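Asker: Shown below is the structure under consideration.
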There are 2 protein chains.
Amino acid sequence: MVVSVRDVAAAASVSVGTVSNVLNRPEKVAPATVERVTQAIEELGFVRNDAARQLRAGRSRSIALIVLDAGNPFFAEVARGAEDRAAESGMSVLLGNSDERSDREDAYLELFREQRVNGVLVTPVGDDLARLERLRRSGVPVVLVDHEDAELDLGSVSVDDVEGGYVAVSHLLSTGRRRVAFLGGPRTIRQVADRLEGARRAVAEVEGATLEVVEMSALSVLQGREAGELLRARPAAERPDAVFAANDLLAVGALQAFTLMADLRVPRDIALIGYDDIDFASATVVPLSSVRQPAHLIGYTAVDLLLKELDDPGGDHERTVRFQPQLVVRESTGG
Amino acid sequence: MVVSVRDVAAAASVSVGTVSNVLNRPEKVAPATVERVTQAIEELGFVRNDAARQLRAGRSRSIALIVLDAGNPFFAEVARGAEDRAAESGMSVLLGNSDERSDREDAYLELFREQRVNGVLVTPVGDDLARLERLRRSGVPVVLVDHEDAELDLGSVSVDDVEGGYVAVSHLLSTGRRRVAFLGGPRTIRQVADRLEGARRAVAEVEGATLEVVEMSALSVLQGREAGELLRARPAAERPDAVFAANDLLAVGALQAFTLMADLRVPRDIALIGYDDIDFASATVVPLSSVRQPAHLIGYTAVDLLLKELDDPGGDHERTVRFQPQLVVRESTGG
DNA sequence: ACAGCGCTGTGAATCGTTTCAACGATAACG
DNA sequence: CGTTATCGTTGAAACGATTCACAGCGCTGT
């Protein structure tokens, strides 16, 4: 039933070694032989067994990518960037979705270790990088995605989230807003913490400006809607006059909630800015201001760093890349 | 450097067979031995080599899912449903993104065959299912996702797209619109063709109603925007008064284009309805009417069918599940 | 005393591919 | 003609986990 190289070899009257060569180094084999073997492969419907291949080779041809939320278009774009770069080098990307949960992240990490992936790209859920550091020490290159780390020498591709938060809130303040609410969470996610830090700095620079933190349990549209409803339910005087959401999903959710209340207008009564500048941001009820990150490039670069490290382990190539975020002003902040 | 069962066996003073038993059938091993072996595994940092495991076992523990566009929240949700069901049975899902390209679909199919996946869930790019049929005959169960097929006995989980198209356009017509444009493509994608077919039927039922087909090359926000710009550029008299987009991404894009023109209002001048009812649909400039599909359930059910087939190959269990779409009316059609 | 049983644990064989030293045939050279 | 090089091919030895027939051991009941 199952066709192996042995069968192909028999059918083509050559040795298994030759079949393997045809598969992997055809230039080492006489054209006529290649032809004969190819023919046999075709006829028998032979499909190489990757497990055996990997076992023998000792390594796989894949790279793991663990993201916080595969449903977020931002990460979808990062993944695409990663795939593109991987494909250029004949590798494939295994995608894992941690769903912002540490246990799921661990499960994927374990799964991918068993699969002997060549390296791991990960947007960590928490700040406990000990596990990742151990992974790296055990010989698996790790590149942090959209997350920076000063101490450990894990690779990283990040965007300056503190700056992004600073830029976003400075923009809100520059339009005259003073009572800013930060929507985001869980705080364990570095991006969230950093963007909040940036927001704090911006607020600290302006006399009379205040920052309220509304902590959410996830960065989803649904959570955003709930947060929005919470704010909406308050007496007008107690509402913030500007909201900075830690990502566009939250912002979109909040906007949905705001939109359902006739006398609460964006940006008249409340300004709103998100983060990531996903495709949908410019199509929302009130087009959403946001902070853009080069998603595709992040994924592409992360794989690139990984491949460099694989090429020359411990070499003195680039290990860390940092991009700058970019403010995108639209109507939701009065733009 | 690399730790194998042999090393663990030596460290725990047992045979390799026992280590394997501890790993796979701990109840067959005396508690004290389990303890000793577990200890050794811990100390040596042993990680089971999945390639060797698979090679010996002859099969893997994973299921493949190939979607048209991983960046589309609809498919992200389908994937999540699939993962959920797979996880319940201790399997994992390998995700492939065909990007609506046949060659990429083939490449993934080949890759997954080499990986000896237990089965393949696929939203096919074209209508040429010969390759999939061959795959099934070679012993790999196939379940079509969001795509029905009458002839071949491949499994399928589908939503009645003809009905969905019919419902969407009937709704447009019921609000008095007569000049309907269909935005979608490529036509090779079954969903697109079916939704168009439904649209045709609805139009045929109403005196004086016309249907114009605007064929796009992809179902993306960007393509939607381009199509919208095209329509926008026409003299008002030649514009359709209603647009049915084959999915929400296109609709969102079209809406972005329409929004940039002050005297072209949705739904006043042009009504717009999408398909899939993604999370973002209710948050768009003008909240988007759409046709909802049970995305999570589709993925969940698809894996369920696959597992049934694996459990009892050729058995007389369910092979086909069909869901009904549901019209969701919002402002973009005057709701 | 011993057959029979249940419980643990053993270790060699196996999965399918890749790798590599070695070999025969042929060509190139002085 | 003998010596080297080159080329194409061979065949057996890995890779690491799992499986399975079987052995050792302690008990029980006769």
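Simple scheme: letters A, B, ... for chains in structure tokens order, numbers from 1 for residues in each chain, numbers from 1 for ligands in the order shown.
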Please, which residues of region 48-278 of chain B, numbered as in this document, come out strand (DSSP E or B) from DSSP, as a ChimeraX atom specification?

Answerer: /B:62-67,92-97,120-122,142-145,155-159,179-184,210-215,242-245,271-273,276

Asker: With C-alpha atoms kept, could you save the residues just selected as a compact mmCIF listing (two decimals), in the first residue's frame?

Answerer:
```txt
# COMPACT_ATOMS: atom_id res chain seq x y z
CA SER B 62 -2.03 16.36 12.92
CA ILE B 63 -4.70 17.54 10.57
CA ALA B 64 -4.18 20.01 7.77
CA LEU B 65 -6.37 23.01 7.10
CA ILE B 66 -5.93 25.01 3.93
CA VAL B 67 -7.85 28.25 3.76
CA SER B 92 -3.08 19.57 16.24
CA VAL B 93 -3.94 21.57 13.18
CA LEU B 94 -1.45 22.65 10.56
CA LEU B 95 -2.63 25.77 8.83
CA GLY B 96 -1.93 26.58 5.23
CA ASN B 97 -2.84 29.76 3.42
CA VAL B 120 -7.04 17.44 5.05
CA LEU B 121 -9.63 20.15 5.46
CA VAL B 122 -9.61 22.45 2.51
CA VAL B 142 -10.62 14.99 2.80
CA VAL B 143 -13.28 17.35 4.05
CA LEU B 144 -14.27 20.32 1.96
CA VAL B 145 -14.82 23.39 4.04
CA GLY B 155 -16.80 14.96 3.05
CA SER B 156 -18.03 18.51 3.20
CA VAL B 157 -19.22 21.16 5.56
CA SER B 158 -20.93 23.89 3.70
CA VAL B 159 -23.30 26.75 3.94
CA ARG B 179 -29.83 48.11 -10.37
CA VAL B 180 -27.72 45.68 -8.45
CA ALA B 181 -23.98 45.19 -8.84
CA PHE B 182 -22.27 42.02 -7.74
CA LEU B 183 -18.70 42.43 -6.52
CA GLY B 184 -16.70 39.26 -6.44
CA THR B 210 -30.82 44.11 -13.35
CA LEU B 211 -27.59 42.56 -12.19
CA GLU B 212 -24.19 43.80 -13.19
CA VAL B 213 -21.17 41.67 -12.39
CA VAL B 214 -17.96 43.40 -11.42
CA GLU B 215 -15.33 40.73 -11.42
CA ALA B 242 -27.16 48.54 -4.67
CA VAL B 243 -24.01 46.49 -4.28
CA PHE B 244 -23.75 42.92 -3.11
CA ALA B 245 -20.16 42.09 -2.23
CA ALA B 271 -27.03 50.25 -0.65
CA LEU B 272 -24.32 47.78 0.33
CA ILE B 273 -24.38 44.30 1.70
CA ASP B 276 -19.70 36.46 6.44
```

Asker: Hey, list the chain A side of the contact with chain D: 7 Å cut-off, only C-alpha atoms (C1' of nucleotides), answer as a PyMOL selection string.

Answerer: chain A and resi 15+18+29-30+55-56

Asker: What are the closest atom pairs, with distances in Å to one decimal, for all residues of chain C lying within 10 Å of chain A? Consider only C-alpha atoms (C1' of nucleotides), order rows by chain and residue number, and present the result as CSV.

Answerer:
```
residue,atom,partner,partner_atom,distance
C:DC15,C1',A:Ala52,CA,8.0
C:DG16,C1',A:Ala52,CA,5.2
C:DT17,C1',A:Arg53,CA,4.9
C:DT18,C1',A:Arg56,CA,6.0
C:DT19,C1',A:Gly17,CA,8.7
```

Asker: Write the residues you've just listed into a file as a PDB file, in the first residue's frame, and include N, CA and C atoms (P, O5', C5', C4', C3', O3' and C1' of nucleotides) for each of them.

Answerer:
```pdb
ATOM      1  P    DC C  15       9.533  -2.740   8.505  1.00  0.00           P
ATOM      2  O5'  DC C  15       9.147  -1.193   8.499  1.00  0.00           O
ATOM      3  C5'  DC C  15       7.973  -0.733   9.146  1.00  0.00           C
ATOM      4  C4'  DC C  15       8.090   0.747   9.376  1.00  0.00           C
ATOM      5  C3'  DC C  15       8.730   1.474   8.194  1.00  0.00           C
ATOM      6  O3'  DC C  15       7.699   2.027   7.390  1.00  0.00           O
ATOM      7  C1'  DC C  15       9.670   2.181  10.302  1.00  0.00           C
ATOM      8  P    DG C  16       7.854   1.855   5.784  1.00  0.00           P
ATOM      9  O5'  DG C  16       8.808   3.072   5.392  1.00  0.00           O
ATOM     10  C5'  DG C  16       8.364   4.385   5.656  1.00  0.00           C
ATOM     11  C4'  DG C  16       9.463   5.351   5.309  1.00  0.00           C
ATOM     12  C3'  DG C  16      10.027   5.181   3.896  1.00  0.00           C
ATOM     13  O3'  DG C  16      10.251   6.469   3.378  1.00  0.00           O
ATOM     14  C1'  DG C  16      11.765   4.992   5.458  1.00  0.00           C
ATOM     15  P    DT C  17      10.775   6.721   1.926  1.00  0.00           P
ATOM     16  O5'  DT C  17      12.039   7.633   2.175  1.00  0.00           O
ATOM     17  C5'  DT C  17      11.912   8.774   2.997  1.00  0.00           C
ATOM     18  C4'  DT C  17      13.231   9.113   3.618  1.00  0.00           C
ATOM     19  C3'  DT C  17      14.334   9.468   2.619  1.00  0.00           C
ATOM     20  O3'  DT C  17      14.545  10.873   2.697  1.00  0.00           O
ATOM     21  C1'  DT C  17      15.125   8.035   4.387  1.00  0.00           C
ATOM     22  P    DT C  18      15.563  11.554   1.649  1.00  0.00           P
ATOM     23  O5'  DT C  18      16.947  11.404   2.412  1.00  0.00           O
ATOM     24  C5'  DT C  18      17.101  12.063   3.660  1.00  0.00           C
ATOM     25  C4'  DT C  18      18.447  11.742   4.238  1.00  0.00           C
ATOM     26  C3'  DT C  18      19.641  12.164   3.374  1.00  0.00           C
ATOM     27  O3'  DT C  18      20.546  12.819   4.233  1.00  0.00           O
ATOM     28  C1'  DT C  18      19.842   9.891   3.981  1.00  0.00           C
ATOM     29  P    DT C  19      21.693  13.766   3.609  1.00  0.00           P
ATOM     30  O5'  DT C  19      23.001  12.950   4.005  1.00  0.00           O
ATOM     31  C5'  DT C  19      23.067  12.362   5.294  1.00  0.00           C
ATOM     32  C4'  DT C  19      24.172  11.349   5.341  1.00  0.00           C
ATOM     33  C3'  DT C  19      25.392  11.692   4.491  1.00  0.00           C
ATOM     34  O3'  DT C  19      26.539  11.509   5.295  1.00  0.00           O
ATOM     35  C1'  DT C  19      24.671   9.507   4.021  1.00  0.00           C
TER      36       DT C  19
END
```

Asker: Could you list the residues in chain A lying within 8 Å of chain B, using only C-alpha atoms, and format the result as a count of residues only?

Answerer: 33

Asker: Pairing the C-alpha atoms in order across the whole chain, superpose chain A onto chain B by least squares and write the result as a short mmCIF file (atom, residue, chain, number, x, y, z; two decimals) with C-alpha atoms, in the first residue's frame.

Answerer:
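Wrote out20.cif, looks like this:
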```
data_model
loop_
_atom_site.label_atom_id
_atom_site.label_comp_id
_atom_site.auth_asym_id
_atom_site.auth_seq_id
_atom_site.Cartn_x
_atom_site.Cartn_y
_atom_site.Cartn_z
CA MET A 1 24.14 16.78 23.11
CA VAL A 2 20.85 15.35 21.98
CA VAL A 3 19.17 13.22 24.59
CA SER A 4 17.40 10.09 23.45
CA VAL A 5 15.32 7.42 25.13
CA ARG A 6 18.46 5.35 25.31
CA ASP A 7 20.14 7.92 27.52
CA VAL A 8 17.09 8.19 29.69
CA ALA A 9 16.94 4.42 29.96
CA ALA A 10 20.56 4.26 31.02
CA ALA A 11 20.12 7.01 33.58
CA ALA A 12 17.10 5.31 35.10
CA SER A 13 18.58 1.83 34.78
CA VAL A 14 15.73 0.44 32.77
CA SER A 15 15.30 -0.63 29.18
CA VAL A 16 14.24 1.70 26.39
CA GLY A 17 11.00 -0.17 26.12
CA THR A 18 10.13 0.85 29.63
CA VAL A 19 10.90 4.47 28.93
CA SER A 20 8.58 4.32 25.98
CA ASN A 21 5.91 2.81 28.15
CA VAL A 22 6.28 5.52 30.74
CA LEU A 23 5.81 8.02 27.95
CA ASN A 24 2.81 6.36 26.37
CA ARG A 25 1.21 3.95 28.76
CA PRO A 26 2.26 4.91 32.25
CA GLU A 27 -0.47 2.78 33.77
CA LYS A 28 1.39 -0.29 32.53
CA VAL A 29 4.46 0.60 34.53
CA ALA A 30 5.06 0.26 38.26
CA PRO A 31 4.70 3.62 40.02
CA ALA A 32 8.23 3.52 41.42
CA THR A 33 9.64 2.96 37.95
CA VAL A 34 7.54 5.74 36.49
CA GLU A 35 8.95 8.01 39.13
CA ARG A 36 12.52 7.03 38.42
CA VAL A 37 12.14 7.45 34.67
CA THR A 38 10.31 10.73 35.01
CA GLN A 39 13.12 11.96 37.17
CA ALA A 40 15.70 10.98 34.56
CA ILE A 41 13.70 12.66 31.81
CA GLU A 42 13.58 15.81 33.84
CA GLU A 43 17.25 15.80 34.68
CA LEU A 44 18.44 15.14 31.18
CA GLY A 45 15.95 17.49 29.60
CA PHE A 46 14.73 14.80 27.26
CA VAL A 47 12.29 15.86 24.55
CA ARG A 48 10.67 13.14 22.53
CA ASN A 49 11.55 13.19 18.85
CA ASP A 50 8.32 13.43 16.98
CA ALA A 51 9.85 12.41 13.67
CA ALA A 52 10.96 9.07 15.02
CA ARG A 53 7.65 8.61 16.73
CA GLN A 54 5.75 9.25 13.55
CA LEU A 55 8.03 7.12 11.48
CA ARG A 56 7.44 4.18 13.71
CA ALA A 57 3.76 4.83 14.18
CA GLY A 58 3.21 5.33 10.47
CA ARG A 59 0.90 8.24 11.04
CA SER A 60 1.05 11.69 12.52
CA ARG A 61 -1.08 13.48 15.04
CA SER A 62 -2.00 16.38 12.87
CA ILE A 63 -4.67 17.54 10.53
CA ALA A 64 -4.15 20.00 7.71
CA LEU A 65 -6.34 22.99 7.03
CA ILE A 66 -5.90 24.99 3.86
CA VAL A 67 -7.83 28.23 3.69
CA LEU A 68 -8.23 30.84 0.99
CA ASP A 69 -7.07 33.75 3.11
CA ALA A 70 -5.75 33.52 6.62
CA GLY A 71 -6.08 37.28 6.96
CA ASN A 72 -9.84 37.09 6.64
CA PRO A 73 -11.37 36.99 10.12
CA PHE A 74 -13.93 34.55 8.82
CA PHE A 75 -11.30 31.94 8.11
CA ALA A 76 -9.46 32.77 11.30
CA GLU A 77 -12.63 31.81 13.12
CA VAL A 78 -13.03 28.64 11.08
CA ALA A 79 -9.47 27.74 11.97
CA ARG A 80 -10.15 28.31 15.62
CA GLY A 81 -13.16 26.04 15.48
CA ALA A 82 -11.06 23.37 13.81
CA GLU A 83 -8.32 23.69 16.40
CA ASP A 84 -10.80 23.43 19.22
CA ARG A 85 -12.23 20.17 17.95
CA ALA A 86 -8.81 18.78 17.10
CA ALA A 87 -7.47 19.63 20.54
CA GLU A 88 -10.32 17.67 22.12
CA SER A 89 -8.88 14.60 20.45
CA GLY A 90 -5.26 15.45 21.11
CA MET A 91 -4.53 16.44 17.56
CA SER A 92 -3.05 19.59 16.19
CA VAL A 93 -3.91 21.57 13.11
CA LEU A 94 -1.42 22.63 10.49
CA LEU A 95 -2.60 25.75 8.76
CA GLY A 96 -1.90 26.56 5.15
CA ASN A 97 -2.83 29.73 3.35
CA SER A 98 -3.51 29.24 -0.35
CA ASP A 99 -4.07 32.93 -0.95
CA GLU A 100 -6.66 31.94 -3.53
CA ARG A 101 -3.90 30.55 -5.69
CA SER A 102 -4.06 27.07 -7.10
CA ASP A 103 -0.29 26.61 -7.17
CA ARG A 104 -0.01 27.45 -3.50
CA GLU A 105 -2.82 25.07 -2.71
CA ASP A 106 -0.95 22.32 -4.54
CA ALA A 107 2.28 23.12 -2.76
CA TYR A 108 0.61 22.83 0.61
CA LEU A 109 -1.14 19.64 -0.39
CA GLU A 110 2.20 18.13 -1.32
CA LEU A 111 3.85 19.38 1.85
CA PHE A 112 1.10 17.95 3.99
CA ARG A 113 1.21 14.61 2.19
CA GLU A 114 4.88 14.36 3.00
CA GLN A 115 4.03 15.08 6.58
CA ARG A 116 1.55 12.22 6.52
CA VAL A 117 -1.25 14.26 8.01
CA ASN A 118 -4.28 12.29 9.10
CA GLY A 119 -6.55 14.22 6.86
CA VAL A 120 -7.03 17.42 4.98
CA LEU A 121 -9.61 20.14 5.40
CA VAL A 122 -9.60 22.43 2.45
CA THR A 123 -11.43 25.36 0.99
CA PRO A 124 -10.49 24.67 -2.60
CA VAL A 125 -9.46 27.48 -4.89
CA GLY A 126 -10.98 26.03 -8.00
CA ASP A 127 -13.56 23.51 -8.95
CA ASP A 128 -11.06 20.95 -10.08
CA LEU A 129 -11.35 18.44 -7.31
CA ALA A 130 -9.58 15.66 -9.18
CA ARG A 131 -6.46 16.14 -7.13
CA LEU A 132 -8.40 15.97 -3.91
CA GLU A 133 -10.27 12.92 -5.07
CA ARG A 134 -6.97 11.24 -5.82
CA LEU A 135 -5.75 12.19 -2.38
CA ARG A 136 -8.78 10.61 -0.81
CA ARG A 137 -8.32 7.45 -2.83
CA SER A 138 -4.75 7.25 -1.63
CA GLY A 139 -6.15 6.95 1.86
CA VAL A 140 -6.18 10.51 3.16
CA PRO A 141 -9.64 11.64 4.23
CA VAL A 142 -10.61 14.97 2.75
CA VAL A 143 -13.27 17.33 4.00
CA LEU A 144 -14.26 20.29 1.90
CA VAL A 145 -14.81 23.36 3.99
CA ASP A 146 -17.36 25.94 3.01
CA HIS A 147 -17.70 24.17 -0.30
CA GLU A 148 -20.08 21.52 -1.39
CA ASP A 149 -19.65 18.79 -3.88
CA ALA A 150 -22.38 16.60 -5.21
CA GLU A 151 -20.56 14.03 -7.31
CA LEU A 152 -17.50 12.92 -5.41
CA ASP A 153 -17.97 11.47 -2.02
CA LEU A 154 -15.54 13.76 -0.33
CA GLY A 155 -16.78 14.96 3.02
CA SER A 156 -18.01 18.51 3.16
CA VAL A 157 -19.20 21.16 5.52
CA SER A 158 -20.90 23.89 3.67
CA VAL A 159 -23.28 26.73 3.91
CA ASP A 160 -25.90 27.17 1.27
CA ASP A 161 -24.24 29.96 -0.66
CA VAL A 162 -26.87 30.10 -3.37
CA GLU A 163 -29.45 30.70 -0.69
CA GLY A 164 -27.17 33.27 0.92
CA GLY A 165 -26.81 35.18 -2.32
CA TYR A 166 -30.52 34.93 -2.90
CA VAL A 167 -31.35 36.23 0.55
CA ALA A 168 -28.89 39.11 0.27
CA VAL A 169 -30.13 40.35 -3.06
CA SER A 170 -33.79 39.74 -2.26
CA HIS A 171 -33.27 41.99 0.70
CA LEU A 172 -31.76 44.69 -1.49
CA LEU A 173 -34.66 44.42 -3.90
CA SER A 174 -37.19 44.52 -1.11
CA THR A 175 -35.92 47.96 -0.15
CA GLY A 176 -36.76 49.16 -3.63
CA ARG A 177 -33.37 48.88 -5.30
CA ARG A 178 -33.34 47.69 -8.86
CA ARG A 179 -29.88 48.14 -10.31
CA VAL A 180 -27.75 45.70 -8.40
CA ALA A 181 -24.02 45.21 -8.81
CA PHE A 182 -22.31 42.01 -7.73
CA LEU A 183 -18.73 42.43 -6.54
CA GLY A 184 -16.71 39.27 -6.46
CA GLY A 185 -14.16 37.00 -7.97
CA PRO A 186 -12.31 35.13 -9.11
CA ARG A 187 -15.23 33.17 -10.46
CA THR A 188 -13.33 29.91 -9.99
CA ILE A 189 -14.03 30.11 -6.30
CA ARG A 190 -17.17 28.16 -5.71
CA GLN A 191 -18.49 30.42 -2.98
CA VAL A 192 -18.30 33.35 -5.34
CA ALA A 193 -20.04 31.52 -8.14
CA ASP A 194 -22.78 30.26 -5.86
CA ARG A 195 -23.48 33.60 -4.27
CA LEU A 196 -23.68 35.10 -7.73
CA GLU A 197 -26.09 32.38 -8.78
CA GLY A 198 -28.29 33.18 -5.81
CA ALA A 199 -28.15 36.84 -6.72
CA ARG A 200 -29.24 36.04 -10.26
CA ARG A 201 -32.22 34.08 -9.06
CA ALA A 202 -33.35 36.88 -6.81
CA VAL A 203 -33.04 39.41 -9.62
CA ALA A 204 -34.90 37.16 -12.02
CA GLU A 205 -37.89 37.17 -9.73
CA VAL A 206 -38.35 40.90 -9.79
CA GLU A 207 -39.64 42.86 -12.74
CA GLY A 208 -37.18 45.48 -13.94
CA ALA A 209 -34.32 44.44 -11.73
CA THR A 210 -30.88 44.14 -13.28
CA LEU A 211 -27.66 42.58 -12.16
CA GLU A 212 -24.24 43.82 -13.16
CA VAL A 213 -21.23 41.68 -12.37
CA VAL A 214 -18.01 43.41 -11.41
CA GLU A 215 -15.37 40.72 -11.44
CA MET A 216 -12.50 41.13 -9.02
CA SER A 217 -9.25 39.21 -8.87
CA ALA A 218 -9.31 38.65 -5.12
CA LEU A 219 -11.61 38.93 -2.13
CA SER A 220 -9.62 41.56 -0.27
CA VAL A 221 -10.19 44.98 1.23
CA LEU A 222 -7.83 46.44 -1.32
CA GLN A 223 -9.73 44.95 -4.24
CA GLY A 224 -12.95 46.18 -2.72
CA ARG A 225 -11.58 49.68 -2.54
CA GLU A 226 -10.54 49.56 -6.16
CA ALA A 227 -13.95 48.34 -7.22
CA GLY A 228 -15.56 51.04 -5.15
CA GLU A 229 -13.44 53.69 -6.77
CA LEU A 230 -14.43 52.37 -10.16
CA LEU A 231 -18.12 52.66 -9.38
CA ARG A 232 -17.64 56.01 -7.72
CA ALA A 233 -15.98 57.41 -10.82
CA ARG A 234 -19.06 56.77 -12.92
CA PRO A 235 -21.68 59.42 -13.60
CA ALA A 236 -24.37 59.11 -10.95
CA ALA A 237 -26.93 57.87 -13.43
CA GLU A 238 -24.80 54.92 -14.41
CA ARG A 239 -24.05 53.77 -10.93
CA PRO A 240 -25.85 50.82 -9.43
CA ASP A 241 -28.17 51.65 -6.55
CA ALA A 242 -27.16 48.55 -4.62
CA VAL A 243 -24.04 46.50 -4.24
CA PHE A 244 -23.76 42.91 -3.09
CA ALA A 245 -20.17 42.08 -2.23
CA ALA A 246 -19.10 38.45 -2.17
CA ASN A 247 -17.53 38.93 1.25
CA ASP A 248 -17.20 41.54 3.94
CA LEU A 249 -13.63 42.40 3.06
CA LEU A 250 -14.71 43.55 -0.37
CA ALA A 251 -17.66 45.36 1.13
CA VAL A 252 -15.47 47.17 3.62
CA GLY A 253 -13.11 48.21 0.83
CA ALA A 254 -15.95 49.45 -1.31
CA LEU A 255 -17.32 51.35 1.64
CA GLN A 256 -13.97 53.04 2.15
CA ALA A 257 -14.07 54.21 -1.44
CA PHE A 258 -17.66 55.42 -1.24
CA THR A 259 -17.02 57.26 1.99
CA LEU A 260 -14.44 59.48 0.37
CA MET A 261 -17.06 61.01 -1.89
CA ALA A 262 -19.23 63.53 -0.13
CA ASP A 263 -22.29 63.29 -2.33
CA LEU A 264 -22.35 59.53 -2.52
CA ARG A 265 -24.05 58.29 0.61
CA VAL A 266 -24.66 54.80 1.87
CA PRO A 267 -27.40 53.69 1.91
CA ARG A 268 -29.14 56.80 0.46
CA ASP A 269 -27.52 56.62 -2.98
CA ILE A 270 -26.19 53.15 -2.87
CA ALA A 271 -27.02 50.24 -0.59
CA LEU A 272 -24.33 47.78 0.36
CA ILE A 273 -24.37 44.28 1.72
CA GLY A 274 -21.48 41.95 2.42
CA TYR A 275 -21.06 38.31 3.36
CA ASP A 276 -19.70 36.45 6.42
CA ASP A 277 -20.67 38.98 9.08
CA ILE A 278 -17.19 39.34 10.49
CA ASP A 279 -16.73 41.19 13.77
CA PHE A 280 -15.84 44.38 11.99
CA ALA A 281 -19.04 44.52 9.99
CA SER A 282 -21.00 46.22 12.71
CA ALA A 283 -18.29 48.80 13.28
CA THR A 284 -17.92 50.20 9.80
CA VAL A 285 -18.58 53.79 8.75
CA VAL A 286 -22.07 52.71 8.00
CA PRO A 287 -22.72 49.47 9.85
CA LEU A 288 -22.69 46.77 7.26
CA SER A 289 -25.54 44.44 6.45
CA SER A 290 -24.24 40.98 5.83
CA VAL A 291 -25.01 37.30 5.58
CA ARG A 292 -23.82 35.40 8.58
CA GLN A 293 -22.16 32.01 8.47
CA PRO A 294 -21.42 29.93 11.56
CA ALA A 295 -17.65 30.13 11.12
CA HIS A 296 -16.53 28.48 14.32
CA LEU A 297 -19.05 25.72 13.92
CA ILE A 298 -17.95 25.10 10.36
CA GLY A 299 -14.37 24.47 11.44
CA TYR A 300 -15.43 22.44 14.43
CA THR A 301 -17.76 20.27 12.40
CA ALA A 302 -15.26 19.74 9.61
CA VAL A 303 -12.73 18.25 12.00
CA ASP A 304 -15.49 16.25 13.58
CA LEU A 305 -16.41 14.64 10.27
CA LEU A 306 -12.77 13.95 9.60
CA LEU A 307 -12.32 12.23 12.94
CA LYS A 308 -15.39 10.13 12.34
CA GLU A 309 -13.97 8.97 9.06
CA LEU A 310 -10.62 8.20 10.69
CA ASP A 311 -12.39 6.26 13.36
CA ASP A 312 -14.32 4.13 10.96
CA PRO A 313 -13.03 4.50 7.42
CA GLY A 314 -15.75 3.91 4.91
CA GLY A 315 -18.31 3.56 7.68
CA ASP A 316 -21.80 4.85 7.19
CA HIS A 317 -21.53 7.95 9.32
CA GLU A 318 -22.40 11.47 8.28
CA ARG A 319 -20.24 12.78 5.45
CA THR A 320 -21.90 16.02 4.59
CA VAL A 321 -23.21 18.83 6.71
CA ARG A 322 -24.91 21.89 5.39
CA PHE A 323 -25.75 25.00 7.32
CA GLN A 324 -28.12 27.77 6.45
CA PRO A 325 -26.91 31.36 6.18
CA GLN A 326 -28.63 34.12 8.05
CA LEU A 327 -29.38 37.63 6.89
CA VAL A 328 -28.16 40.37 9.18
CA VAL A 329 -29.65 43.76 8.40
CA ARG A 330 -27.86 46.92 9.43
CA GLU A 331 -27.71 50.48 8.23
CA SER A 332 -25.86 49.97 5.00
CA THR A 333 -29.03 48.68 3.41
CA GLY A 334 -31.24 51.18 5.16
CA GLY A 335 -32.00 48.84 8.06
#
```

Asker: Name the residues of region 124-172 of chain A that come out as helix (DSSP H, G or I) in a backbone DSSP run; write them as number ranges by chain.

Answerer: A: 130-137, 161-172
